[in-house]
file data_7.cif (mmCIF, C-alpha atoms)
data_data
loop_
_atom_site.label_atom_id
_atom_site.label_comp_id
_atom_site.auth_asym_id
_atom_site.auth_seq_id
_atom_site.Cartn_x
_atom_site.Cartn_y
_atom_site.Cartn_z
CA MET A 284 0.00 0.00 0.00
CA SER A 285 2.99 2.30 -0.17
CA ARG A 286 2.33 5.14 -2.49
CA LYS A 287 4.58 7.96 -3.39
CA ILE A 288 3.57 10.94 -1.32
CA ARG A 289 5.83 13.33 -3.16
CA SER A 290 5.91 13.19 -6.89
CA ARG A 291 8.45 14.90 -9.07
CA PHE A 292 5.65 16.54 -11.02
CA ASP A 293 4.38 18.29 -7.90
CA THR A 294 7.85 19.59 -7.16
CA VAL A 295 8.07 20.98 -10.67
CA LEU A 296 4.65 22.61 -10.27
CA ALA A 297 5.69 24.17 -6.98
CA ILE A 298 8.87 25.52 -8.52
CA ILE A 299 6.80 27.05 -11.34
CA LEU A 300 4.22 28.42 -8.95
CA ILE A 301 6.42 30.43 -6.61
CA PRO A 302 7.81 32.82 -9.26
CA GLY A 303 4.55 32.44 -11.22
CA MET A 304 2.41 33.86 -8.42
CA ALA A 305 4.87 36.69 -7.88
CA LEU A 306 4.74 37.39 -11.60
CA ALA A 307 0.93 37.35 -11.60
CA LEU A 308 0.88 39.82 -8.72
CA TYR A 309 3.38 42.06 -10.47
CA MET A 310 1.52 41.91 -13.79
CA ALA A 311 -1.88 42.59 -12.28
CA LEU A 312 -0.88 45.25 -9.79
CA ILE A 313 1.97 47.06 -11.52
CA GLN A 314 2.55 46.10 -15.13
CA ALA A 315 -1.05 46.30 -16.38
CA PRO A 316 -2.12 49.84 -17.26
CA ARG A 317 -4.45 51.78 -15.01
CA GLU A 318 -8.04 51.56 -16.20
CA SER A 319 -9.25 54.97 -17.33
CA THR A 320 -12.64 55.16 -15.60
CA MET A 321 -12.39 52.74 -12.68
CA GLY A 322 -8.75 53.30 -11.88
CA ASP A 323 -6.92 50.77 -9.75
CA LEU A 324 -10.20 49.22 -8.74
CA GLN A 325 -10.28 47.34 -12.02
CA ARG A 326 -7.16 45.37 -11.05
CA ILE A 327 -9.21 43.01 -8.91
CA PHE A 328 -10.69 41.76 -12.19
CA TYR A 329 -7.54 39.76 -12.98
CA PHE A 330 -7.96 37.63 -9.88
CA HIS A 331 -11.75 37.59 -9.94
CA VAL A 332 -12.04 36.18 -13.46
CA ALA A 333 -9.04 33.89 -13.10
CA ALA A 334 -10.56 32.38 -9.95
CA ALA A 335 -13.93 31.96 -11.68
CA ILE A 336 -12.34 30.12 -14.61
CA ALA A 337 -10.33 27.88 -12.28
CA GLY A 338 -13.42 27.17 -10.19
CA MET A 339 -15.45 26.16 -13.23
CA THR A 340 -12.60 23.92 -14.35
CA ALA A 341 -12.63 22.24 -10.96
CA PHE A 342 -16.38 21.59 -11.20
CA ALA A 343 -15.93 20.15 -14.69
CA ILE A 344 -13.25 17.83 -13.29
CA ASN A 345 -15.65 16.81 -10.54
CA PHE A 346 -18.28 15.96 -13.14
CA ILE A 347 -15.90 13.86 -15.24
CA CYS A 348 -14.60 12.04 -12.17
CA SER A 349 -18.15 11.36 -10.97
CA ILE A 350 -19.04 9.70 -14.26
CA ALA A 351 -15.74 7.83 -14.24
CA TYR A 352 -16.43 6.55 -10.73
CA ILE A 353 -19.85 5.23 -11.64
CA ALA A 354 -18.42 3.54 -14.71
CA ARG A 355 -15.23 2.16 -13.16
CA ARG A 356 -15.85 1.99 -9.38
CA ASN A 357 -12.29 2.92 -8.62
CA ARG A 358 -11.85 4.75 -5.32
CA ARG A 359 -9.29 7.08 -6.88
CA TRP A 360 -11.93 8.72 -9.04
CA ASP A 361 -13.95 9.44 -5.95
CA SER A 362 -10.98 10.99 -4.17
CA LEU A 363 -10.28 13.14 -7.19
CA ALA A 364 -13.94 14.20 -7.46
CA LEU A 365 -13.98 15.22 -3.80
CA SER A 366 -10.75 17.19 -4.14
CA ALA A 367 -12.08 18.98 -7.21
CA ALA A 368 -15.37 19.86 -5.52
CA GLU A 369 -13.59 21.30 -2.48
CA LEU A 370 -11.29 23.37 -4.65
CA GLY A 371 -14.16 24.55 -6.78
CA VAL A 372 -15.97 25.80 -3.69
CA VAL A 373 -12.82 27.57 -2.47
CA TYR A 374 -12.30 29.27 -5.83
CA LEU A 375 -15.96 30.25 -6.09
CA MET A 376 -15.66 31.74 -2.60
CA ILE A 377 -12.80 33.86 -3.90
CA VAL A 378 -15.07 34.95 -6.75
CA LEU A 379 -17.95 35.71 -4.41
CA ILE A 380 -15.72 37.72 -2.08
CA THR A 381 -13.81 39.71 -4.71
CA GLY A 382 -17.04 40.39 -6.63
CA PRO A 383 -18.78 42.53 -3.96
CA ILE A 384 -15.51 44.30 -3.13
CA TRP A 385 -15.49 45.50 -6.73
CA ALA A 386 -19.25 45.96 -7.01
CA LYS A 387 -19.67 48.30 -4.05
CA PRO A 388 -17.61 51.16 -5.52
CA ALA A 389 -18.50 50.35 -9.15
CA TRP A 390 -22.24 49.68 -8.87
CA PHE A 391 -22.82 51.24 -5.41
CA VAL A 392 -24.31 47.99 -4.16
CA TRP A 393 -22.66 44.89 -2.72
CA TRP A 394 -24.86 42.48 -4.50
CA THR A 395 -27.49 42.37 -7.23
CA TRP A 396 -29.39 39.34 -8.48
CA SER A 397 -27.90 39.48 -11.90
CA PRO A 398 -27.57 36.14 -13.72
CA ARG A 399 -23.82 35.70 -13.36
CA LEU A 400 -23.84 36.51 -9.65
CA THR A 401 -26.79 34.26 -9.03
CA LEU A 402 -25.24 31.41 -10.97
CA SER A 403 -21.97 31.55 -9.04
CA LEU A 404 -23.86 31.64 -5.76
CA VAL A 405 -26.05 28.69 -6.75
CA LEU A 406 -23.01 26.73 -7.94
CA CYS A 407 -21.37 27.35 -4.60
CA LEU A 408 -24.49 26.14 -2.78
CA LEU A 409 -24.77 23.04 -4.98
CA TYR A 410 -21.24 21.92 -4.28
CA ILE A 411 -21.51 22.72 -0.59
CA SER A 412 -24.48 20.31 -0.63
CA TYR A 413 -22.21 17.81 -2.36
CA LEU A 414 -19.67 18.12 0.44
CA LEU A 415 -22.47 17.93 3.03
CA ILE A 416 -23.80 14.63 1.72
CA ARG A 417 -20.34 13.09 1.93
CA ASN A 418 -20.10 13.97 5.60
CA TYR A 419 -23.11 11.94 6.54
CA ILE A 420 -22.52 8.63 4.80
CA GLU A 421 -20.17 6.32 6.62
CA ASP A 422 -19.73 3.43 4.24
CA PRO A 423 -16.98 4.55 1.81
CA GLU A 424 -18.36 2.77 -1.24
CA LYS A 425 -21.86 4.02 -0.70
CA ARG A 426 -20.53 7.50 -0.06
CA ALA A 427 -18.59 7.44 -3.30
CA LEU A 428 -21.57 6.23 -5.34
CA VAL A 429 -24.08 8.63 -3.86
CA SER A 430 -21.81 11.63 -4.13
CA ALA A 431 -20.94 10.71 -7.71
CA ALA A 432 -24.66 10.68 -8.46
CA PHE A 433 -25.06 14.06 -6.82
CA GLY A 434 -22.03 15.43 -8.66
CA ILE A 435 -23.69 14.53 -11.95
CA ILE A 436 -26.96 16.13 -10.88
CA ALA A 437 -25.24 19.31 -9.72
CA PHE A 438 -23.39 19.71 -12.98
CA ALA A 439 -26.49 19.00 -15.06
CA ASP A 440 -28.35 21.58 -13.02
CA THR A 441 -25.99 24.40 -13.95
CA PRO A 442 -27.21 25.08 -17.51
CA LEU A 443 -30.81 24.91 -16.30
CA VAL A 444 -30.17 27.45 -13.58
CA TRP A 445 -28.57 29.63 -16.22
CA PHE A 446 -31.53 29.33 -18.59
CA SER A 447 -33.95 30.15 -15.78
CA ILE A 448 -32.26 33.36 -14.76
CA ARG A 449 -30.56 34.69 -17.83
CA TRP A 450 -33.55 36.92 -18.54
CA TRP A 451 -32.94 38.79 -15.31
CA ARG A 452 -31.39 42.20 -15.67
CA ASP A 453 -27.65 41.83 -16.03
CA HIS A 454 -25.24 44.49 -14.79
CA HIS A 455 -22.28 42.20 -14.91
CA PRO A 456 -19.65 43.03 -17.52
CA GLY A 457 -19.92 40.61 -20.41
CA PRO A 458 -17.28 38.11 -21.45
CA MET A 459 -14.73 40.66 -22.56
CA LEU A 460 -12.39 38.43 -24.47
CA GLU A 461 -14.96 37.32 -27.02
CA THR A 462 -16.24 40.81 -27.61
CA GLY A 463 -12.73 42.20 -27.71
CA GLY A 464 -13.56 44.58 -24.87
CA LEU A 465 -10.33 43.97 -23.00
CA ALA A 466 -7.62 46.39 -24.08
CA PRO A 467 -4.65 44.60 -25.68
CA SER A 468 -2.32 46.14 -23.12
CA MET A 469 -4.22 44.40 -20.33
CA ARG A 470 -4.24 41.00 -21.95
CA PRO A 471 -0.79 39.76 -20.90
CA ALA A 472 -1.61 40.34 -17.22
CA PHE A 473 -4.96 38.63 -17.66
CA TYR A 474 -3.52 35.57 -19.38
CA VAL A 475 -0.75 35.23 -16.81
CA CYS A 476 -3.27 35.39 -13.96
CA VAL A 477 -5.54 32.82 -15.57
CA ALA A 478 -2.62 30.49 -16.25
CA VAL A 479 -1.19 30.82 -12.75
CA PHE A 480 -4.59 30.22 -11.13
CA GLN A 481 -5.05 27.10 -13.25
CA VAL A 482 -1.60 25.77 -12.33
CA LEU A 483 -2.30 26.53 -8.67
CA MET A 484 -5.58 24.67 -8.97
CA VAL A 485 -3.88 21.61 -10.50
CA PHE A 486 -1.18 21.70 -7.82
CA LEU A 487 -3.67 21.96 -4.95
CA LEU A 488 -5.84 19.32 -6.58
CA ARG A 489 -2.93 16.89 -6.70
CA ARG A 490 -1.95 17.55 -3.10
CA ARG A 491 -5.52 17.24 -1.88
CA TYR A 492 -5.97 14.08 -3.90
CA CYS A 493 -2.84 12.60 -2.37
CA LEU A 494 -4.14 13.43 1.13
CA GLU A 495 -7.51 11.92 0.32
CA THR A 496 -6.07 8.64 -0.98
CA MET A 497 -4.01 8.33 2.19
CA ARG A 498 -7.10 9.01 4.25
CA GLY A 499 -8.96 6.36 2.26
CA ASP A 500 -6.16 3.85 2.79
CA MET A 501 -6.22 4.55 6.50
CA GLU A 502 -9.97 4.11 6.65
CA LEU A 503 -9.59 0.77 4.87
CA LEU A 504 -6.86 -0.37 7.28
CA GLU A 505 -8.96 0.63 10.26
CA ARG A 506 -11.86 -1.37 8.94
CA GLN A 507 -9.65 -4.39 8.34
CA SER A 508 -8.20 -4.22 11.83
CA ASP A 509 -11.69 -3.84 13.30
CA ALA A 510 -12.86 -6.84 11.33
CA SER A 511 -9.94 -9.05 12.36
CA ARG A 512 -10.31 -8.15 16.02
CA MET B 31 -45.75 -0.37 -16.63
CA THR B 32 -47.82 -2.66 -14.42
CA LYS B 33 -44.89 -2.73 -12.00
CA ILE B 34 -44.80 1.04 -11.78
CA TRP B 35 -48.55 0.91 -11.20
CA ALA B 36 -48.11 -1.69 -8.45
CA VAL B 37 -45.58 0.42 -6.55
CA PHE B 38 -47.77 3.47 -7.03
CA ARG B 39 -50.89 1.63 -5.86
CA LYS B 40 -49.08 0.31 -2.81
CA ASP B 41 -48.09 3.81 -1.72
CA LEU B 42 -51.54 5.15 -2.39
CA LEU B 43 -53.16 2.35 -0.42
CA ILE B 44 -50.86 2.88 2.56
CA GLU B 45 -51.72 6.55 2.42
CA LEU B 46 -55.44 5.88 2.24
CA ARG B 47 -55.22 3.68 5.32
CA THR B 48 -52.98 5.89 7.44
CA LYS B 49 -53.28 9.38 5.93
CA ASP B 50 -50.02 10.28 7.69
CA THR B 51 -48.25 11.95 4.81
CA LEU B 52 -51.07 13.96 3.31
CA ASN B 53 -52.25 15.25 6.67
CA SER B 54 -48.83 16.47 7.70
CA MET B 55 -48.13 17.95 4.26
CA LEU B 56 -51.39 19.84 4.23
CA PHE B 57 -51.15 21.06 7.77
CA PHE B 58 -47.58 22.24 7.33
CA GLY B 59 -48.40 23.95 4.05
CA VAL B 60 -51.28 25.85 5.61
CA VAL B 61 -49.11 26.83 8.57
CA VAL B 62 -46.51 28.20 6.15
CA LEU B 63 -49.22 30.24 4.44
CA VAL B 64 -50.41 31.62 7.77
CA ILE B 65 -46.84 32.50 8.77
CA PHE B 66 -46.39 34.33 5.49
CA SER B 67 -49.54 36.33 5.94
CA PHE B 68 -48.26 37.42 9.37
CA ALA B 69 -44.72 38.03 8.19
CA LEU B 70 -45.91 40.17 5.29
CA ALA B 71 -48.62 41.92 7.29
CA SER B 72 -47.34 45.31 6.18
CA LEU B 73 -48.04 44.36 2.54
CA ARG B 74 -51.51 43.04 3.20
CA GLU B 75 -53.22 45.61 0.99
CA SER B 76 -51.03 44.93 -2.02
CA ILE B 77 -49.98 41.33 -1.51
CA ARG B 78 -50.95 40.09 -4.96
CA PRO B 79 -47.49 40.31 -6.59
CA ALA B 80 -46.02 38.28 -3.71
CA VAL B 81 -48.60 35.47 -3.88
CA PRO B 82 -46.82 33.31 -6.51
CA GLY B 83 -43.66 33.29 -4.40
CA ILE B 84 -45.53 32.55 -1.18
CA LEU B 85 -47.45 29.78 -2.89
CA TRP B 86 -44.41 28.00 -4.24
CA VAL B 87 -42.45 28.29 -1.01
CA ALA B 88 -45.39 26.63 0.74
CA PHE B 89 -45.56 23.95 -1.98
CA ALA B 90 -41.83 23.30 -1.78
CA PHE B 91 -41.79 23.06 2.01
CA SER B 92 -44.76 20.75 2.26
CA GLY B 93 -43.49 18.77 -0.72
CA THR B 94 -40.19 18.16 1.08
CA LEU B 95 -42.14 16.76 3.98
CA GLY B 96 -43.98 14.39 1.66
CA LEU B 97 -40.84 13.30 -0.19
CA ASN B 98 -39.15 12.53 3.11
CA ARG B 99 -41.96 10.19 4.08
CA MET B 100 -41.73 8.34 0.75
CA PHE B 101 -38.59 6.50 1.81
CA ALA B 102 -38.51 7.05 5.57
CA SER B 103 -41.69 5.00 5.92
CA GLU B 104 -40.10 2.20 3.91
CA LYS B 105 -37.12 2.16 6.21
CA GLU B 106 -39.16 1.40 9.30
CA ASN B 107 -39.81 -2.31 9.06
CA GLY B 108 -37.16 -3.18 6.53
CA CYS B 109 -39.72 -2.65 3.78
CA LEU B 110 -37.09 -1.07 1.59
CA GLN B 111 -35.08 -4.30 1.67
CA GLY B 112 -38.14 -6.19 0.58
CA LEU B 113 -38.85 -3.74 -2.17
CA LEU B 114 -35.27 -3.99 -3.42
CA MET B 115 -35.37 -7.78 -3.39
CA LEU B 116 -38.31 -7.86 -5.76
CA PRO B 117 -37.35 -9.15 -9.20
CA ILE B 118 -38.26 -5.90 -10.91
CA ASP B 119 -36.34 -3.07 -12.46
CA ARG B 120 -35.38 -0.48 -9.85
CA GLY B 121 -36.57 2.12 -12.29
CA ALA B 122 -40.12 0.91 -11.69
CA ILE B 123 -39.70 1.69 -7.99
CA TYR B 124 -38.42 5.13 -8.89
CA PHE B 125 -41.31 5.95 -11.19
CA GLY B 126 -43.90 4.47 -8.85
CA LYS B 127 -42.59 6.50 -5.94
CA MET B 128 -42.34 9.60 -8.07
CA LEU B 129 -45.93 9.26 -9.25
CA ALA B 130 -47.17 8.76 -5.71
CA ALA B 131 -45.26 11.80 -4.48
CA THR B 132 -46.63 13.83 -7.38
CA VAL B 133 -50.21 12.86 -6.60
CA PHE B 134 -49.79 13.66 -2.90
CA MET B 135 -48.25 17.00 -3.70
CA LEU B 136 -50.91 17.90 -6.24
CA ILE B 137 -53.73 17.12 -3.84
CA SER B 138 -52.21 19.20 -1.09
CA GLU B 139 -51.33 21.96 -3.56
CA LEU B 140 -54.91 22.29 -4.69
CA ILE B 141 -56.16 22.59 -1.12
CA MET B 142 -53.37 24.99 -0.21
CA PHE B 143 -54.25 27.06 -3.25
CA ALA B 144 -57.86 27.24 -2.14
CA VAL B 145 -56.70 28.39 1.29
CA THR B 146 -54.51 31.02 -0.37
CA LEU B 147 -57.48 32.37 -2.30
CA VAL B 148 -59.28 32.89 0.98
CA PHE B 149 -56.36 34.26 2.98
CA PHE B 150 -55.17 36.70 0.36
CA ASN B 151 -58.59 37.57 -1.06
CA LEU B 152 -57.97 36.52 -4.64
CA THR B 153 -60.57 35.71 -7.24
CA VAL B 154 -59.60 33.40 -10.06
CA TRP B 155 -61.83 31.64 -12.52
CA HIS B 156 -60.67 31.32 -16.09
CA GLU B 157 -57.03 31.20 -14.89
CA ILE B 158 -57.58 27.81 -13.26
CA PRO B 159 -56.69 25.52 -16.21
CA TYR B 160 -53.41 27.39 -16.74
CA LEU B 161 -52.62 27.24 -13.04
CA ILE B 162 -53.25 23.51 -12.95
CA LEU B 163 -50.87 23.05 -15.88
CA VAL B 164 -48.14 25.02 -14.08
CA PHE B 165 -48.71 23.14 -10.82
CA LEU B 166 -48.55 19.84 -12.67
CA ILE B 167 -45.30 20.50 -14.54
CA GLY B 168 -43.69 22.20 -11.55
CA THR B 169 -44.60 19.33 -9.26
CA LEU B 170 -43.35 16.73 -11.74
CA GLY B 171 -40.01 18.51 -11.92
CA PHE B 172 -39.88 18.75 -8.14
CA THR B 173 -40.57 15.06 -7.58
CA ALA B 174 -38.40 13.92 -10.52
CA VAL B 175 -35.25 14.96 -8.71
CA GLY B 176 -36.79 14.92 -5.21
CA THR B 177 -37.50 11.20 -5.27
CA LEU B 178 -33.87 10.40 -6.03
CA LEU B 179 -32.53 12.82 -3.42
CA SER B 180 -34.99 11.49 -0.86
CA ALA B 181 -33.65 7.99 -1.46
CA ILE B 182 -30.16 9.39 -0.94
CA ALA B 183 -31.08 11.30 2.21
CA VAL B 184 -32.72 8.45 4.12
CA ASN B 185 -29.55 6.41 3.77
CA THR B 186 -27.39 8.98 5.50
CA LYS B 187 -26.68 9.61 9.17
CA LEU B 188 -28.77 12.77 9.16
CA ARG B 189 -31.67 11.01 7.43
CA GLU B 190 -34.65 13.31 6.85
CA VAL B 191 -32.82 16.44 7.92
CA LEU B 192 -30.51 16.25 4.93
CA LEU B 193 -33.16 16.33 2.20
CA PRO B 194 -34.00 20.05 2.23
CA LEU B 195 -30.30 20.91 2.34
CA ILE B 196 -29.52 19.01 -0.84
CA LEU B 197 -32.88 19.41 -2.59
CA PHE B 198 -33.38 23.17 -2.61
CA PRO B 199 -30.19 24.17 -4.44
CA VAL B 200 -30.96 21.63 -7.17
CA ILE B 201 -34.60 22.57 -7.44
CA LEU B 202 -33.96 26.28 -7.98
CA PRO B 203 -34.67 26.30 -11.74
CA ILE B 204 -38.10 24.76 -11.12
CA LEU B 205 -38.87 27.19 -8.35
CA VAL B 206 -37.80 30.24 -10.34
CA ASN B 207 -39.79 29.26 -13.41
CA ALA B 208 -42.86 28.09 -11.53
CA VAL B 209 -43.03 31.39 -9.64
CA GLU B 210 -42.51 33.23 -12.90
CA ALA B 211 -45.28 31.27 -14.64
CA THR B 212 -47.70 31.65 -11.74
CA ASN B 213 -46.95 35.33 -11.65
CA ILE B 214 -47.72 35.65 -15.38
CA ILE B 215 -51.06 33.93 -14.85
CA LEU B 216 -52.12 35.78 -11.71
CA ASN B 217 -50.73 39.23 -12.34
CA THR B 218 -50.61 39.70 -16.10
CA SER B 219 -52.81 38.56 -18.91
CA ASP B 220 -50.01 37.85 -21.36
CA TYR B 221 -50.31 34.08 -21.58
CA GLY B 222 -47.91 33.93 -24.54
CA ALA B 223 -45.09 34.66 -22.08
CA LEU B 224 -45.89 31.36 -20.36
CA ARG B 225 -44.16 29.37 -23.05
CA LEU B 226 -40.63 30.09 -21.88
CA PRO B 227 -40.92 29.13 -18.19
CA LEU B 228 -43.01 26.11 -19.10
CA THR B 229 -40.37 24.97 -21.60
CA VAL B 230 -37.57 25.28 -19.07
CA MET B 231 -39.63 23.37 -16.49
CA THR B 232 -40.44 20.63 -18.98
CA VAL B 233 -36.80 20.32 -20.01
CA PHE B 234 -35.81 20.15 -16.34
CA THR B 235 -38.38 17.43 -15.69
CA ILE B 236 -37.28 15.33 -18.64
CA VAL B 237 -33.54 15.77 -18.02
CA PHE B 238 -33.74 15.04 -14.32
CA GLY B 239 -36.31 12.30 -14.77
CA THR B 240 -33.87 10.52 -17.06
CA ILE B 241 -30.78 11.15 -14.93
CA SER B 242 -32.57 10.09 -11.76
CA TYR B 243 -33.95 6.99 -13.43
CA ILE B 244 -30.41 5.96 -14.43
CA LEU B 245 -28.81 6.89 -11.10
CA PHE B 246 -31.54 5.45 -8.87
CA ASP B 247 -30.08 1.99 -9.35
CA TYR B 248 -26.69 3.05 -8.00
CA VAL B 249 -28.03 5.08 -5.11
CA LEU B 250 -30.02 2.22 -3.64
CA GLU B 251 -27.32 -0.35 -4.24
CA ASP B 252 -26.35 -2.33 -1.17
#

call {"tool": "encode", "arguments": {"input": "data_7.cif", "output": "structure tokens"}}
result
Amino acid sequence: MSRKIRSRFDTVLAIILIPGMALALYMALIQAPRESTMGDLQRIFYFHVAAAIAGMTAFAINFICSIAYIARRNRRWDSLALSAAELGVVYLMIVLITGPIWAKPAWFVWWTWSPRLTLSLVLCLLYISYLLIRNYIEDPEKRALVSAAFGIIAFADTPLVWFSIRWWRDHHPGPMLETGGLAPSMRPAFYVCVAVFQVLMVFLLRRRYCLETMRGDMELLERQSDASR
Amino acid sequence: MTKIWAVFRKDLLIELRTKDTLNSMLFFGVVVLVIFSFALASLRESIRPAVPGILWVAFAFSGTLGLNRMFASEKENGCLQGLLMLPIDRGAIYFGKMLAATVFMLISELIMFAVTLVFFNLTVWHEIPYLILVFLIGTLGFTAVGTLLSAIAVNTKLREVLLPLILFPVILPILVNAVEATNIILNTSDYGALRLPLTVMTVFTIVFGTISYILFDYVLED
């Protein structure tokens, strides 16, 4: 049952991340030009959007792992799904905290029920429910199956939530990259932030996954020792 | 089909003999309505725009109570084990349970709606067929995913307490569109606008009916 706790890949990721995060901070806070109307306030955007993209990626990983678990019944998929859901919630929390900080000076309100805000909040709630369910099922196999089922439901729910609320009045700035609304001089900082947040997500995901597999192994050993007693 | 019918009939019969579920659903729903009319006392003169929301909150709360009973009652004397041992497709159990829950909810919804008319002084007449359609689709969507989540919840440590926590975030699209549709019927006369919320609710019901039907097997697995 010995498994490598440290992998070379993680070390490489960590070595990339340390200067990478410093670079992202530098790019977002210093290198990127000052926005003409909002001023320095706009700089929070680099982290806000990067966190949102990373969070969505984590939820997509959770969905894929949930399907894979149901198909394959390998405990590793379940551990990975759990790790991804936790990270997704953390990233969405970053989004939900940085959002109001920006919105208060820009819109003069902390919160509005605009579609994007509502969707991120609902996503956060859905995956908190996912984590809740896991807490209350003791049998590991049952827990894995049930949470995989809920992971699929949560992900399938997302487009429906979006279709239900997208008619609500939207103040939120649109997707700026597609419309070309983001000034070219701001793009490098944005891309660096997105990339660094994704790498950080992958790194944390791998560490969390490693922890979870160890926890699973321990649970299994405990059960075996209980059974043999 | 006959198997679905058998499961459905069994639940209906139990309910007819005991009347546990319907009574508690109805009573709770009416209590929620009363609480709302106290909580929104300051709006009493112009409550009409708030009625769709109040109505669906009451439906959702009492529906949760009913869904919880669907599997909790089976747990009591090991009935669930017996049900699972039957040589039938688990999907039949799912659809039977879902149908029973839908019927219970619809009955209590109609009575709760009548109570609402009295409490909030509404007059409706030609709106009734549209309202019934919205109640029907909304309830089907609610029970489509609710039946699966109820089966999940009763197998956890928290049992019935867990269901509302995991059900409400998932059910949001149904709630939003049902309130929207009810609002269109009660407060506007533009019935053409009904198409959109009804479409989303129908899509929800079909998508989650299918997903739940597939996943039900895994959730109940022993």

call {"tool": "interface_residues", "arguments": {"input": "data_7.cif", "of": "chain A", "to": "chain B", "cutoff": "6 Å", "atoms": "all atoms listed in the file", "output": "NGL selection string"}}
result
:A and (409 or 412 or 419-420 or 429 or 444 or 447)

call {"tool": "residues_around", "arguments": {"input": "data_7.cif", "residues": "segment 502-509 of chain A", "least_positions_apart": "4", "cutoff": "12 Å", "atoms": "all atoms listed in the file", "output": "ChimeraX atom specification"}}
result
/A:284,358,421-424,495-498

call {"tool": "residues_around", "arguments": {"input": "data_7.cif", "residues": "Gly59 of chain B", "least_positions_apart": "5", "cutoff": "7 Å", "atoms": "all atoms listed in the file", "output": "PDB file with C-alpha atoms, in the frame of the given file"}}
result
ATOM      1  CA  ALA B  88     -45.390  26.630   0.740  1.00  0.00           C
ATOM      2  CA  PHE B  89     -45.560  23.950  -1.980  1.00  0.00           C
ATOM      3  CA  PHE B  91     -41.790  23.060   2.010  1.00  0.00           C
ATOM      4  CA  SER B  92     -44.760  20.750   2.260  1.00  0.00           C
ATOM      5  CA  MET B 142     -53.370  24.990  -0.210  1.00  0.00           C
TER       6      MET B 142
END

call {"tool": "resolve_selection", "arguments": {"input": "data_7.cif", "expression": "the PyMOL selection byres ((chain A and resi 401) around 12)", "output": "PDB file with C-alpha atoms, keeping the file's coordinate frame"}}
result
ATOM      1  CA  LEU A 375     -15.960  30.250  -6.090  1.00  0.00           C
ATOM      2  CA  VAL A 378     -15.070  34.950  -6.750  1.00  0.00           C
ATOM      3  CA  LEU A 379     -17.950  35.710  -4.410  1.00  0.00           C
ATOM      4  CA  GLY A 382     -17.040  40.390  -6.630  1.00  0.00           C
ATOM      5  CA  TRP A 394     -24.860  42.480  -4.500  1.00  0.00           C
ATOM      6  CA  THR A 395     -27.490  42.370  -7.230  1.00  0.00           C
ATOM      7  CA  TRP A 396     -29.390  39.340  -8.480  1.00  0.00           C
ATOM      8  CA  SER A 397     -27.900  39.480 -11.900  1.00  0.00           C
ATOM      9  CA  PRO A 398     -27.570  36.140 -13.720  1.00  0.00           C
ATOM     10  CA  ARG A 399     -23.820  35.700 -13.360  1.00  0.00           C
ATOM     11  CA  LEU A 400     -23.840  36.510  -9.650  1.00  0.00           C
ATOM     12  CA  LEU A 402     -25.240  31.410 -10.970  1.00  0.00           C
ATOM     13  CA  SER A 403     -21.970  31.550  -9.040  1.00  0.00           C
ATOM     14  CA  LEU A 404     -23.860  31.640  -5.760  1.00  0.00           C
ATOM     15  CA  VAL A 405     -26.050  28.690  -6.750  1.00  0.00           C
ATOM     16  CA  LEU A 406     -23.010  26.730  -7.940  1.00  0.00           C
ATOM     17  CA  CYS A 407     -21.370  27.350  -4.600  1.00  0.00           C
ATOM     18  CA  LEU A 408     -24.490  26.140  -2.780  1.00  0.00           C
ATOM     19  CA  THR A 441     -25.990  24.400 -13.950  1.00  0.00           C
ATOM     20  CA  VAL A 444     -30.170  27.450 -13.580  1.00  0.00           C
ATOM     21  CA  TRP A 445     -28.570  29.630 -16.220  1.00  0.00           C
ATOM     22  CA  PHE A 446     -31.530  29.330 -18.590  1.00  0.00           C
ATOM     23  CA  SER A 447     -33.950  30.150 -15.780  1.00  0.00           C
ATOM     24  CA  ILE A 448     -32.260  33.360 -14.760  1.00  0.00           C
ATOM     25  CA  ARG A 449     -30.560  34.690 -17.830  1.00  0.00           C
ATOM     26  CA  TRP A 450     -33.550  36.920 -18.540  1.00  0.00           C
ATOM     27  CA  TRP A 451     -32.940  38.790 -15.310  1.00  0.00           C
ATOM     28  CA  ARG A 452     -31.390  42.200 -15.670  1.00  0.00           C
ATOM     29  CA  ASP A 453     -27.650  41.830 -16.030  1.00  0.00           C
ATOM     30  CA  HIS A 454     -25.240  44.490 -14.790  1.00  0.00           C
ATOM     31  CA  HIS A 455     -22.280  42.200 -14.910  1.00  0.00           C
TER      32      HIS A 455
ATOM     33  CA  PRO B 199     -30.190  24.170  -4.440  1.00  0.00           C
ATOM     34  CA  LEU B 202     -33.960  26.280  -7.980  1.00  0.00           C
ATOM     35  CA  PRO B 203     -34.670  26.300 -11.740  1.00  0.00           C
ATOM     36  CA  VAL B 206     -37.800  30.240 -10.340  1.00  0.00           C
TER      37      VAL B 206
END

call {"tool": "atom_distance", "arguments": {"input": "data_7.cif", "atom1": "atom CA of Ala334 of chain A", "atom2": "atom CA of Thr381 of chain A"}}
result
9.6 Å

call {"tool": "atom_distance", "arguments": {"input": "data_7.cif", "atom1": "atom CA of Ala386 of chain A", "atom2": "atom CA of Leu312 of chain A"}}
result
18.6 Å

call {"tool": "closest_residue", "arguments": {"input": "data_7.cif", "among": "A:Thr294, A:Val372, A:Ala337, A:Phe346", "to": "Val479 of chain A", "atoms": "only C-alpha atoms"}}
result
A:Ala337

call {"tool": "residues_around", "arguments": {"input": "data_7.cif", "residues": "Cys476 of chain A", "least_positions_apart": "3", "cutoff": "9 Å", "atoms": "all atoms listed in the file", "output": "number ranges by chain"}}
result
A: 303-304, 306-308, 310-311, 329-330, 332-334, 471-473, 479-481
